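Structure first, then comments.
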Amino acid sequence: MVSLTIDGNAVSVPKGTMILEAARQLEIQIPTLCWLQKISPTGACRICAVEIEGIDRTMTACNTPVKAGIVVTTQSEKLTRIRKQIMELILINHPLDCPVCDAGGECELQNTCYDLGVNRQEFEAEDVNPGVIDHWPLIQQVPSRCVMCEKCVKVCHEVVGANSLFVNDKGDKAFIDKNLESCEFCGNCVAVCPTGTMISKPFKFKARPWALRKVPSVCTYCPSQCQIDINVQGNEVFRITSDDAGTTNNGNLCIGGFFGYGYINSSKRLTSPLRDGKAVSWDSALETVTSTIERIRQESGADALAGLASPRLTNEENYLFQKLFRAAIGTNNIDSEARFGALRALSALDKGLGLRGASNLISAIGDVDTVLVFGADPTAEAPAVDWQIQRAVRNKDGKLIVANMRRIKLTQFANSQLSYKPGSEIALADGLGRLLVNRGLIDEDYLTRTVANLGELKDQLAAVDLEQVVVTTGLSLTELEAAADLLGKADNVAIVFGADITKSSLGTARSAAIANLAILSGALRGQGGLYPLDEKGNIQGLLDMGVCPEKLPGFQNYAEHKAKFAKAWNCQLPSGGKDAEGILQDIETGEIRFLYLAATNPQSFPNSGRWMKALQKLEMLVVQDILPTEVTRLANIVLPGVSFAEKSGSVTSLDQRVRSLEQAIRPVGDSREDWDIFAELYGRLSKTPLTFSRSSILTELSSLTSLYGDVCFTGSDRHRPCLKQPYRPVDKNLHFQLISVNEEAEGLQLLSGKSSSHFGTTSTWASGPLEVEAEGLIQISAEDAQAAGIKDGDQLKLTSTTGSTTGKVLISGTLPQGLLFAPYNFTELGIQQLIPDGDNRTTVQLAKV
């Protein structure tokens with residue numbers, strides 16, 4: 001510790017602490033303009049000037065480290081004079097357009113001028129500022145307002161890692177410029193700008209900041225679930241912001257969080273119930289639903305009824321959904337899109353590790369020694385995970401291994417890039433495990449204590465043929481050994497895996513292989529962790545609530561525990577139950593006559609064409625959603641639900657944090673909160689008037705499961721997150737899973753995945769993300785494009801065993817020869833028509849149109 005004196009007060013702080021931070025510990029406020037806690041200090045504005053005894057000139061407190069015994073003065077007549085002059089110099093040629101500047105009312109420059117008493121301009125200079133930069137999507141730059149604090153540049157480089165913003169030119173001609181090709185349009189540059197230089201175009205001239213009401217909530221686009229403030233005026237959302245202090249995301253947002261709110265205000269929102277395309281009353285619509293359910297149940301039994309729920313719903317809504325179907329309707333034919341991804345991962349982790357989600361907090365990733373990103377693109381799937389990986393490997397001394405078929409953004413920061421052949425994930429995981437053993441990089445004592453089947457583990461690893469691994473993966477032994485060394489020599493390891501693994505046809509087996517690797521590498525001990533990613537916002541909460549036929553809430557086995565729930569719900573629960581794949585088959589054969597789609601769209605499911613054909617065979621299709629789609633057009637009954645901004649409830653992040661949504665605006669038109677719809681249907685079908693509330697649902701849930709601790713949702717501070725019961729592996733609790741399946745991909749492969757700018761299909765209704773990525777493009781390598789005689793912008797037809805589609809081409813340097821990529825987010829492109837059931841990749845033929 002280093003001891004010093006500031007304004008007569010003694011303080012001791014760690015070595016390397018800056019004077020500004022030491023002063024803040026004493027609650028001494030030194031004025032700043034360019035300082036931001038989450039980035040390295042710049043010392044650009046020099047307003048934080050302080051005096052140090054024995055030094056003739058003033059020093060900037062933000063980037064001057066403490067030294068033992070120094071005496072610092074932060075307030076004096078000299079400092080006041082210097083700071084005022086600095087501000088006057090900063091204000092040279094600053095436009096006096098405060099009345100129309102979007103930063104008015106929250107301008108740090110304005111506040112600092114007021115605090116320092118700067119009320120006149122003593123200096124003049126030629127105005128050499130460039131004109132307004134207006135050609136960037138979503139963001140306008142006004143150089144004349146810029147004070148060159150470089151906060152935006154540093155956030156872009158140090159936190160987001162986009163390296164897009166830079167200082168162009170020199171001296172008084174310098175201005176902030178942008179490399180558009182690397183910009184992620186996350187909006188963080190706008191958020192940290194202390195003036196009105198960086199402006200959100202969607203918000204420009206829309207409202208005055210002081211007139212907005214800020215409602216604490218959670219972004220539900222992805223499972224990171226960043227904490228946000230919904231800025232509201234009247235009954236309209238005007239912008240989304242996030243504070244640095246007190247949020248788990250440290251104020252950082254991505255394009256979805258910052259610019260993706262436009263769909264909430266869409267003029268195309270569903271605002272009233274529809275029957276066969278015509279508006280009807282809620283009573284009429286719900287009566288049609290209930291009478292049809294009762295008739296079909298009487299004619300064919302409850303097994304002729306089914307429902308699919310969604311990670312767009314809250315925990316309470318998903319709980320009510322499964323209770324509605326099981327207790328009131330009498331069928332266990334319930335599932336969700338998690339069947340095609342997240343459920344596979346969690347099933348494998350539960351079987352091998354007793355783990356039902358991530359094993360540690362997202363923030364822990366930033367402190368590990370080595371991160372392995374396996375079959376995932378965190379930048380697209382969960383941006384907050386990307387930021388923590390960068391904190392570990394760029395801000396600290398951590399190492400990064402990226403194992404992926406494609407090159408992703410994080411590849412540029414990787415110590416090892418393992419570009420494996422499609423389908424070779426299990427071989428790669430097994431090979432790394434064998435090398436950890438061969439090179440003496442496993443903790444024998446730890447394995448002996450924690451692994452129940454250590455003998456089987458050693459036998460399976462001994463059978464791994466490394467020469468065959470090299471052939472299967474297309475990687476050299478040297479590459480594999482280097483990656484194994486990075487894993488094995490680290491004290492704390494984080495393994496992140498995503499959609500390329502979980503959404504593949506062998507998703508369960510591949511997830512099990514990664515669980516095995518987590519055991520061997522020690523990712524489950526110390527400060528490390530295992531992180532399965534799924535891009536949908538409340539996928540963890542959906543599965544926690546038991547929305548699948550094999551599980552009840554709390555991941556309790558349905559067959560074993562249904563008696564307990566039947567007693568609590570005062571009903572008889574059905575036996576059996578069909579999952580999504582079984583539901584589809586029974587619709588096609590006519591055995592299932594009624595389907596309820598709650599905030600889910602089968603157009604994004606694998607083999608979507610098959611789903612769309614099947615929906616047309618139903619006697620009744622009920623769709624509960626917020627925007628019109630091809631699915632709502634097929635529906636007999638459409639029930640308008642609401643967006644996250646119009647409801648209250650809880651959601652669960654990928655790292656087991658339970659957070660509250662606060663209702664920011666009233667439901668649009670005659671739409672209703674989704675849980676309210678389920679509750680009324682439950683009452684109508686059970687013939688028992690029921691009054692559900694959020695708190696009563698959570699109380700019931702807590703009495704039937706061990707999901708939550710006692711600290712969740714207590715008191716008035718509901719927007720603060722709480723943790724579910726933490727994961728704690730116990731002795732002999734880990735099981736090495738024996739995997740005997742593998743896959744060899746043949747021919748030109750098409751991989752379906754998430755766009756970097758869009759989230760599900762919902763964001764394709766938001767003008768912000770659409771301005772950056774207006775349509776789905778078929779990405780192809782330069783080698784494959786040349787072989788096919790294709791150039792950027794050409795129309796390309798792809799054909800697989802399940803369908804065909806035509807789209808525009810983008811030649812990409814991220815893809816190896818033999819692999820195409822297309823985003824599933826755009827239903828117009830319809831890439832999911834080509835993907836076989838339960839998969840995310842297929843062999844295709846291409847033809848130039």
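Note on naming: chains are A, B, ... as they come in the structure tokens, residues start from 1 per chain, ligands start from 1 in the order shown.
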Exercise. Please identify which residues in range 352-553 of chain A DSSP calls strand (DSSP E or B) from the backbone, and express them as JSON, numbers by chain.
Key: {"A": [370, 371, 372, 373, 374, 399, 400, 401, 402, 403, 416, 417, 418, 451, 493, 494, 495, 496, 497, 529, 530, 531, 532, 548, 551, 552]}
Quiz prompt | Residue contacts of range 414-428 of chain A (6 Å, only C-alpha atoms) excluding same-chain residues fewer than 6 positions away, as a PyMOL selection string | solution = chain A and resi 400-405+469+473-474+510+513+743-745
Quiz prompt | Which residue of A:Gly117, A:Gly554, A:Pro378, A:Pro311 approaches Ser653 in chain A most closely, using only C-alpha atoms | solution =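 Of all the options, A:Pro311 lies closest to Ser653 in chain A.
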Which range 483-562 of chain A residues have any atom within 10 Å of an atom of range 312-324 of chain A, and for each, what is the nearest pair of atoms with distance in Å to one decimal, counting only C-alpha atoms, rows sorted by chain and number, as a Markdown table?
```
| residue | atom | partner | partner_atom | distance |
| --- | --- | --- | --- | --- |
| A:Lys536 | CA | A:Arg312 | CA | 7.4 |
| A:Gly537 | CA | A:Arg312 | CA | 6.4 |
| A:Asn538 | CA | A:Arg312 | CA | 6.1 |
| A:Ile539 | CA | A:Arg312 | CA | 8.0 |
| A:Gln540 | CA | A:Asn315 | CA | 9.1 |
| A:Gly541 | CA | A:Asn315 | CA | 5.3 |
| A:Leu542 | CA | A:Asn318 | CA | 6.0 |
| A:Leu543 | CA | A:Asn318 | CA | 8.8 |
| A:Asp544 | CA | A:Asn315 | CA | 8.0 |
| A:Met545 | CA | A:Tyr319 | CA | 5.2 |
| A:Gly546 | CA | A:Gln322 | CA | 7.1 |
| A:Val547 | CA | A:Gln322 | CA | 5.7 |
| A:Cys548 | CA | A:Gln322 | CA | 8.2 |
| A:Pro549 | CA | A:Gln322 | CA | 9.3 |
| A:Leu552 | CA | A:Gln322 | CA | 8.5 |
| A:Pro553 | CA | A:Tyr319 | CA | 7.4 |
```
Any chance you could export the current selection's N, CA and C atoms as a PDB file, in the first residue's frame?
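Printed below is part32.pdb as written:
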```
ATOM      1  N   LYS A 536     -30.915 -16.764 -27.346  1.00  0.00           N
ATOM      2  CA  LYS A 536     -32.227 -16.254 -26.975  1.00  0.00           C
ATOM      3  C   LYS A 536     -32.251 -15.791 -25.514  1.00  0.00           C
ATOM      4  N   GLY A 537     -32.992 -14.697 -25.282  1.00  0.00           N
ATOM      5  CA  GLY A 537     -32.888 -13.963 -24.039  1.00  0.00           C
ATOM      6  C   GLY A 537     -33.165 -14.734 -22.770  1.00  0.00           C
ATOM      7  N   ASN A 538     -34.300 -15.433 -22.669  1.00  0.00           N
ATOM      8  CA  ASN A 538     -34.639 -16.114 -21.418  1.00  0.00           C
ATOM      9  C   ASN A 538     -34.665 -17.625 -21.611  1.00  0.00           C
ATOM     10  N   ILE A 539     -33.702 -18.140 -22.361  1.00  0.00           N
ATOM     11  CA  ILE A 539     -33.659 -19.581 -22.618  1.00  0.00           C
ATOM     12  C   ILE A 539     -33.425 -20.353 -21.325  1.00  0.00           C
ATOM     13  N   GLN A 540     -32.619 -19.788 -20.423  1.00  0.00           N
ATOM     14  CA  GLN A 540     -32.370 -20.460 -19.150  1.00  0.00           C
ATOM     15  C   GLN A 540     -33.652 -20.509 -18.316  1.00  0.00           C
ATOM     16  N   GLY A 541     -34.359 -19.391 -18.252  1.00  0.00           N
ATOM     17  CA  GLY A 541     -35.611 -19.354 -17.497  1.00  0.00           C
ATOM     18  C   GLY A 541     -36.657 -20.282 -18.077  1.00  0.00           C
ATOM     19  N   LEU A 542     -36.719 -20.364 -19.404  1.00  0.00           N
ATOM     20  CA  LEU A 542     -37.656 -21.266 -20.077  1.00  0.00           C
ATOM     21  C   LEU A 542     -37.442 -22.703 -19.617  1.00  0.00           C
ATOM     22  N   LEU A 543     -36.193 -23.142 -19.580  1.00  0.00           N
ATOM     23  CA  LEU A 543     -35.890 -24.512 -19.180  1.00  0.00           C
ATOM     24  C   LEU A 543     -36.028 -24.701 -17.677  1.00  0.00           C
ATOM     25  N   ASP A 544     -35.691 -23.663 -16.913  1.00  0.00           N
ATOM     26  CA  ASP A 544     -35.918 -23.733 -15.466  1.00  0.00           C
ATOM     27  C   ASP A 544     -37.382 -24.004 -15.141  1.00  0.00           C
ATOM     28  N   MET A 545     -38.278 -23.458 -15.970  1.00  0.00           N
ATOM     29  CA  MET A 545     -39.714 -23.574 -15.714  1.00  0.00           C
ATOM     30  C   MET A 545     -40.303 -24.891 -16.202  1.00  0.00           C
ATOM     31  N   GLY A 546     -39.489 -25.770 -16.769  1.00  0.00           N
ATOM     32  CA  GLY A 546     -39.964 -27.091 -17.145  1.00  0.00           C
ATOM     33  C   GLY A 546     -40.827 -27.137 -18.383  1.00  0.00           C
ATOM     34  N   VAL A 547     -40.539 -26.288 -19.365  1.00  0.00           N
ATOM     35  CA  VAL A 547     -41.345 -26.293 -20.590  1.00  0.00           C
ATOM     36  C   VAL A 547     -40.764 -27.298 -21.583  1.00  0.00           C
ATOM     37  N   CYS A 548     -40.874 -28.563 -21.223  1.00  0.00           N
ATOM     38  CA  CYS A 548     -40.518 -29.677 -22.090  1.00  0.00           C
ATOM     39  C   CYS A 548     -41.151 -30.919 -21.464  1.00  0.00           C
ATOM     40  N   PRO A 549     -41.474 -31.919 -22.242  1.00  0.00           N
ATOM     41  CA  PRO A 549     -42.267 -33.038 -21.701  1.00  0.00           C
ATOM     42  C   PRO A 549     -41.540 -33.876 -20.660  1.00  0.00           C
ATOM     43  N   LEU A 552     -40.242 -31.182 -15.190  1.00  0.00           N
ATOM     44  CA  LEU A 552     -41.117 -30.236 -14.509  1.00  0.00           C
ATOM     45  C   LEU A 552     -40.271 -29.047 -14.070  1.00  0.00           C
ATOM     46  N   PRO A 553     -40.874 -27.977 -13.559  1.00  0.00           N
ATOM     47  CA  PRO A 553     -40.067 -26.843 -13.087  1.00  0.00           C
ATOM     48  C   PRO A 553     -38.961 -27.286 -12.130  1.00  0.00           C
TER      49      PRO A 553
END
```
Exercise. Can you list, as an NGL selection string, all residues belonging to range 120-344 of chain A that DSSP tags as helix (DSSP H, G or I)?
Key: :A and (143-145 or 151-160 or 171-173 or 180-182 or 188-192 or 209-211 or 255-265 or 282-300 or 302-304 or 315-329 or 337-340 or 342-344)
Practice problem: Write out as a PyMOL selection string each polymer residue whose atoms come within 8 Å of range 195-212 of chain A, counting only C-alpha atoms; drop sequence neighbours fewer than 2 positions from it. | Solution: chain A and resi 100-109+138-147+187+189-190+193+214+231-233+238-239+259+768
Using C-alpha atoms, can you export the residues from the last selection as a PDB file, in the first residue's frame?
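To be explicit, this is the file written out as again-v6.pdb:
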```
ATOM      1  CA  VAL A 100     -31.133  22.069 -30.133  1.00  0.00           C
ATOM      2  CA  CYS A 101     -28.298  19.784 -29.014  1.00  0.00           C
ATOM      3  CA  ASP A 102     -29.433  16.302 -27.995  1.00  0.00           C
ATOM      4  CA  ALA A 103     -26.970  16.355 -25.083  1.00  0.00           C
ATOM      5  CA  GLY A 104     -28.787  19.335 -23.550  1.00  0.00           C
ATOM      6  CA  GLY A 105     -29.691  18.522 -19.977  1.00  0.00           C
ATOM      7  CA  GLU A 106     -27.107  15.736 -19.673  1.00  0.00           C
ATOM      8  CA  CYS A 107     -24.039  17.456 -21.122  1.00  0.00           C
ATOM      9  CA  GLU A 108     -20.906  16.977 -19.030  1.00  0.00           C
ATOM     10  CA  LEU A 109     -19.272  19.941 -20.753  1.00  0.00           C
ATOM     11  CA  LEU A 138     -27.268   5.233 -36.874  1.00  0.00           C
ATOM     12  CA  ILE A 139     -24.698   7.713 -35.527  1.00  0.00           C
ATOM     13  CA  GLN A 140     -24.028  11.331 -36.477  1.00  0.00           C
ATOM     14  CA  GLN A 141     -20.724  13.003 -35.591  1.00  0.00           C
ATOM     15  CA  VAL A 142     -20.549  16.804 -35.056  1.00  0.00           C
ATOM     16  CA  PRO A 143     -16.809  17.620 -34.867  1.00  0.00           C
ATOM     17  CA  SER A 144     -17.375  21.240 -33.791  1.00  0.00           C
ATOM     18  CA  ARG A 145     -18.851  19.993 -30.500  1.00  0.00           C
ATOM     19  CA  CYS A 146     -15.988  17.571 -29.830  1.00  0.00           C
ATOM     20  CA  VAL A 147     -13.585  18.259 -26.948  1.00  0.00           C
ATOM     21  CA  GLY A 187     -23.797   2.857 -29.464  1.00  0.00           C
ATOM     22  CA  CYS A 189     -19.490   5.839 -28.229  1.00  0.00           C
ATOM     23  CA  VAL A 190     -22.752   7.795 -28.031  1.00  0.00           C
ATOM     24  CA  CYS A 193     -19.673  11.147 -25.214  1.00  0.00           C
ATOM     25  CA  LYS A 214     -36.263   6.200 -16.894  1.00  0.00           C
ATOM     26  CA  ASN A 231     -36.457   6.022 -21.546  1.00  0.00           C
ATOM     27  CA  VAL A 232     -40.148   6.773 -21.920  1.00  0.00           C
ATOM     28  CA  GLN A 233     -42.310   9.786 -22.672  1.00  0.00           C
ATOM     29  CA  PHE A 238     -37.597   6.898 -27.085  1.00  0.00           C
ATOM     30  CA  ARG A 239     -34.259   5.324 -26.305  1.00  0.00           C
ATOM     31  CA  PHE A 259     -30.569   0.629 -31.150  1.00  0.00           C
ATOM     32  CA  GLY A 768     -31.822   0.412 -36.071  1.00  0.00           C
TER      33      GLY A 768
END
```
Quiz item: How far is it from CA of Gly760 in chain A to CA of Phe325 in chain A, in Å with one decimal?
Solution: 25.3 Å
Quiz item: Using only C-alpha atoms, which residues sit within 8 Å of range 792-804 of chain A once same-chain residues fewer than 2 positions away are excluded, as a PyMOL selection string?
Solution: chain A and resi 607+609+778+790+806-811+833-836+842-849
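Candidate residues A:Asp430, A:Glu287, A:Asp369, A:Glu150 were compared for distance to Gln460 in chain A, and the nearest is A:Asp430, using only C-alpha atoms.
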Quiz item: Between A:Ile70, A:Ala342, A:Met87, A:Ala302, which has the minimum distance to Leu33 in chain A (counting only C-alpha atoms)?
Solution: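 Of A:Ile70, A:Ala342, A:Met87, A:Ala302, the one nearest Leu33 in chain A is A:Met87, counting only C-alpha atoms.
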Find the residues near range 173-177 of chain A: any atom within 9 Å, counting only C-alpha atoms, skip ones fewer than 5 places away on the same chain, and give them as a short mmCIF file (atom, residue, chain, number, x, y, z; two decimals) with N, CA and C atoms, in the first residue's frame.
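Okay, around_23.cif is ready:
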```cif
data_model
loop_
_atom_site.label_atom_id
_atom_site.label_comp_id
_atom_site.auth_asym_id
_atom_site.auth_seq_id
_atom_site.Cartn_x
_atom_site.Cartn_y
_atom_site.Cartn_z
N ASP A 127 -11.66 28.78 -36.91
CA ASP A 127 -12.45 27.56 -36.84
C ASP A 127 -12.06 26.64 -38.00
N VAL A 128 -11.37 25.55 -37.68
CA VAL A 128 -10.92 24.61 -38.71
C VAL A 128 -11.61 23.24 -38.55
N ASN A 129 -12.71 23.23 -37.80
CA ASN A 129 -13.42 21.96 -37.61
C ASN A 129 -14.01 21.47 -38.93
N PRO A 130 -13.97 20.16 -39.17
CA PRO A 130 -14.66 19.61 -40.34
C PRO A 130 -16.16 19.76 -40.18
N ILE A 133 -20.43 14.95 -39.86
CA ILE A 133 -20.29 13.65 -40.52
C ILE A 133 -21.63 12.93 -40.40
N GLN A 141 -21.86 12.42 -36.29
CA GLN A 141 -20.72 13.00 -35.59
C GLN A 141 -20.66 14.49 -35.92
N PRO A 143 -18.16 17.32 -35.35
CA PRO A 143 -16.81 17.62 -34.87
C PRO A 143 -16.69 18.94 -34.11
N SER A 144 -17.50 19.94 -34.46
CA SER A 144 -17.38 21.24 -33.79
C SER A 144 -17.75 21.17 -32.31
N CYS A 146 -16.90 18.55 -30.44
CA CYS A 146 -15.99 17.57 -29.83
C CYS A 146 -14.92 18.27 -28.99
N MET A 148 -12.34 16.37 -27.85
CA MET A 148 -11.23 15.44 -28.03
C MET A 148 -10.84 14.73 -26.73
N GLU A 150 -11.54 11.65 -26.21
CA GLU A 150 -11.20 10.30 -26.69
C GLU A 150 -11.87 9.18 -25.90
N CYS A 152 -14.77 7.96 -26.54
CA CYS A 152 -15.39 7.10 -27.54
C CYS A 152 -14.36 6.17 -28.17
N VAL A 153 -13.18 6.71 -28.47
CA VAL A 153 -12.13 5.92 -29.09
C VAL A 153 -11.69 4.79 -28.16
N SER A 164 -12.71 0.61 -34.29
CA SER A 164 -13.30 1.32 -35.41
C SER A 164 -13.01 2.82 -35.36
N LEU A 165 -13.17 3.44 -34.21
CA LEU A 165 -12.95 4.88 -34.09
C LEU A 165 -11.47 5.20 -33.95
N PHE A 166 -11.07 6.33 -34.51
CA PHE A 166 -9.67 6.77 -34.41
C PHE A 166 -9.61 8.27 -34.57
N VAL A 167 -8.48 8.84 -34.14
CA VAL A 167 -8.25 10.27 -34.28
C VAL A 167 -7.64 10.54 -35.65
N ASN A 168 -8.34 11.33 -36.45
CA ASN A 168 -7.88 11.67 -37.79
C ASN A 168 -7.27 13.07 -37.78
#
```
Quiz prompt | Top pick for closest residue to Asp655 in chain A, considering A:Ser359, A:Ser272, A:Ser217, A:Thr73 and counting only C-alpha atoms | solution =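 Smallest distance to Asp655 in chain A is found for A:Ser359.
Here CA of Glu775 in chain A stands at a distance of 10.2 Å from CA of His758 in chain A.
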Pull the closest atom pair for each residue of range 409-443 of chain A that gets at most 12 Å from range 383-397 of chain A, along with the distance in Å to one decimal, counting only C-alpha atoms, ordering rows by chain and then ascending residue number, as a tab-separated table.
```
residue	atom	partner	partner_atom	distance
A:Lys409	CA	A:Asp386	CA	9.3
A:Leu410	CA	A:Asp386	CA	7.7
A:Thr411	CA	A:Gln390	CA	11.1
A:Gln412	CA	A:Gln390	CA	10.7
A:Phe413	CA	A:Val393	CA	7.4
A:Ala414	CA	A:Val393	CA	8.3
A:Asn415	CA	A:Val393	CA	9.2
```
Based on the selection just made, write all heavy atoms of those residues as a CSV table (one decimal), in the first residue's frame.
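Full text of result-v4.csv as output:
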```csv
chain,number,residue,atom,x,y,z
A,409,LYS,N,-14.7,-12.6,-34.9
A,409,LYS,CA,-14.0,-11.3,-34.4
A,409,LYS,C,-12.9,-11.6,-33.4
A,409,LYS,O,-11.8,-11.0,-33.5
A,409,LYS,CB,-15.1,-10.4,-33.8
A,409,LYS,CG,-14.5,-9.2,-33.1
A,409,LYS,CD,-15.5,-8.5,-32.2
A,409,LYS,CE,-14.9,-7.6,-31.2
A,409,LYS,NZ,-15.9,-7.0,-30.3
A,410,LEU,N,-13.2,-12.5,-32.5
A,410,LEU,CA,-12.2,-12.8,-31.4
A,410,LEU,C,-10.9,-13.5,-31.9
A,410,LEU,O,-9.9,-13.5,-31.2
A,410,LEU,CB,-12.8,-13.7,-30.3
A,410,LEU,CG,-13.9,-13.0,-29.4
A,410,LEU,CD1,-14.6,-14.0,-28.5
A,410,LEU,CD2,-13.2,-11.9,-28.6
A,411,THR,N,-11.0,-14.0,-33.2
A,411,THR,CA,-9.8,-14.6,-33.7
A,411,THR,C,-8.6,-13.7,-33.7
A,411,THR,O,-7.4,-14.1,-33.5
A,411,THR,CB,-10.1,-15.0,-35.2
A,411,THR,OG1,-11.1,-16.0,-35.2
A,411,THR,CG2,-8.8,-15.6,-35.8
A,412,GLN,N,-8.8,-12.4,-33.9
A,412,GLN,CA,-7.7,-11.4,-34.0
A,412,GLN,C,-7.0,-11.3,-32.7
A,412,GLN,O,-5.8,-10.8,-32.6
A,412,GLN,CB,-8.2,-10.0,-34.4
A,412,GLN,CG,-9.2,-9.4,-33.4
A,412,GLN,CD,-9.8,-8.1,-33.9
A,412,GLN,OE1,-9.1,-7.2,-34.3
A,412,GLN,NE2,-11.1,-8.0,-33.9
A,413,PHE,N,-7.6,-11.7,-31.6
A,413,PHE,CA,-7.0,-11.6,-30.2
A,413,PHE,C,-6.5,-13.0,-29.8
A,413,PHE,O,-6.0,-13.1,-28.6
A,413,PHE,CB,-8.0,-11.0,-29.2
A,413,PHE,CG,-8.6,-9.8,-29.7
A,413,PHE,CD1,-10.0,-9.7,-29.8
A,413,PHE,CD2,-7.9,-8.7,-30.0
A,413,PHE,CE1,-10.6,-8.5,-30.2
A,413,PHE,CE2,-8.5,-7.5,-30.4
A,413,PHE,CZ,-9.9,-7.4,-30.5
A,414,ALA,N,-6.7,-14.0,-30.6
A,414,ALA,CA,-6.4,-15.4,-30.1
A,414,ALA,C,-4.9,-15.7,-30.2
A,414,ALA,O,-4.2,-15.3,-31.1
A,414,ALA,CB,-7.2,-16.4,-31.0
A,415,ASN,N,-4.5,-16.5,-29.2
A,415,ASN,CA,-3.1,-17.1,-29.2
A,415,ASN,C,-3.1,-18.3,-30.0
A,415,ASN,O,-2.1,-18.7,-30.5
A,415,ASN,CB,-2.7,-17.4,-27.8
A,415,ASN,CG,-2.7,-16.2,-26.8
A,415,ASN,OD1,-3.7,-15.9,-26.2
A,415,ASN,ND2,-1.6,-15.4,-26.8
```
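Of the listed residues A:Ile92, A:Val218, A:Ile6, A:Ala285, the one whose atoms come nearest to Glu662 in chain A is A:Val218, with distances taken using only C-alpha atoms.
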Quiz prompt | Selection: 9 Å around Val622 in chain A, only C-alpha atoms, excl. self and same-chain fewer than 2 positions, as a PyMOL selection string | solution = chain A and resi 289+594-598+620+624+632+635-639
Quiz item: Could you name the residues that touch Ser291 in chain A at 12 Å or less, counting only C-alpha atoms, but leaving out those on the same chain fewer than 4 positions away, as a PyMOL selection string?
Solution: chain A and resi 283-287+295-298+329+594+620+681+684-685
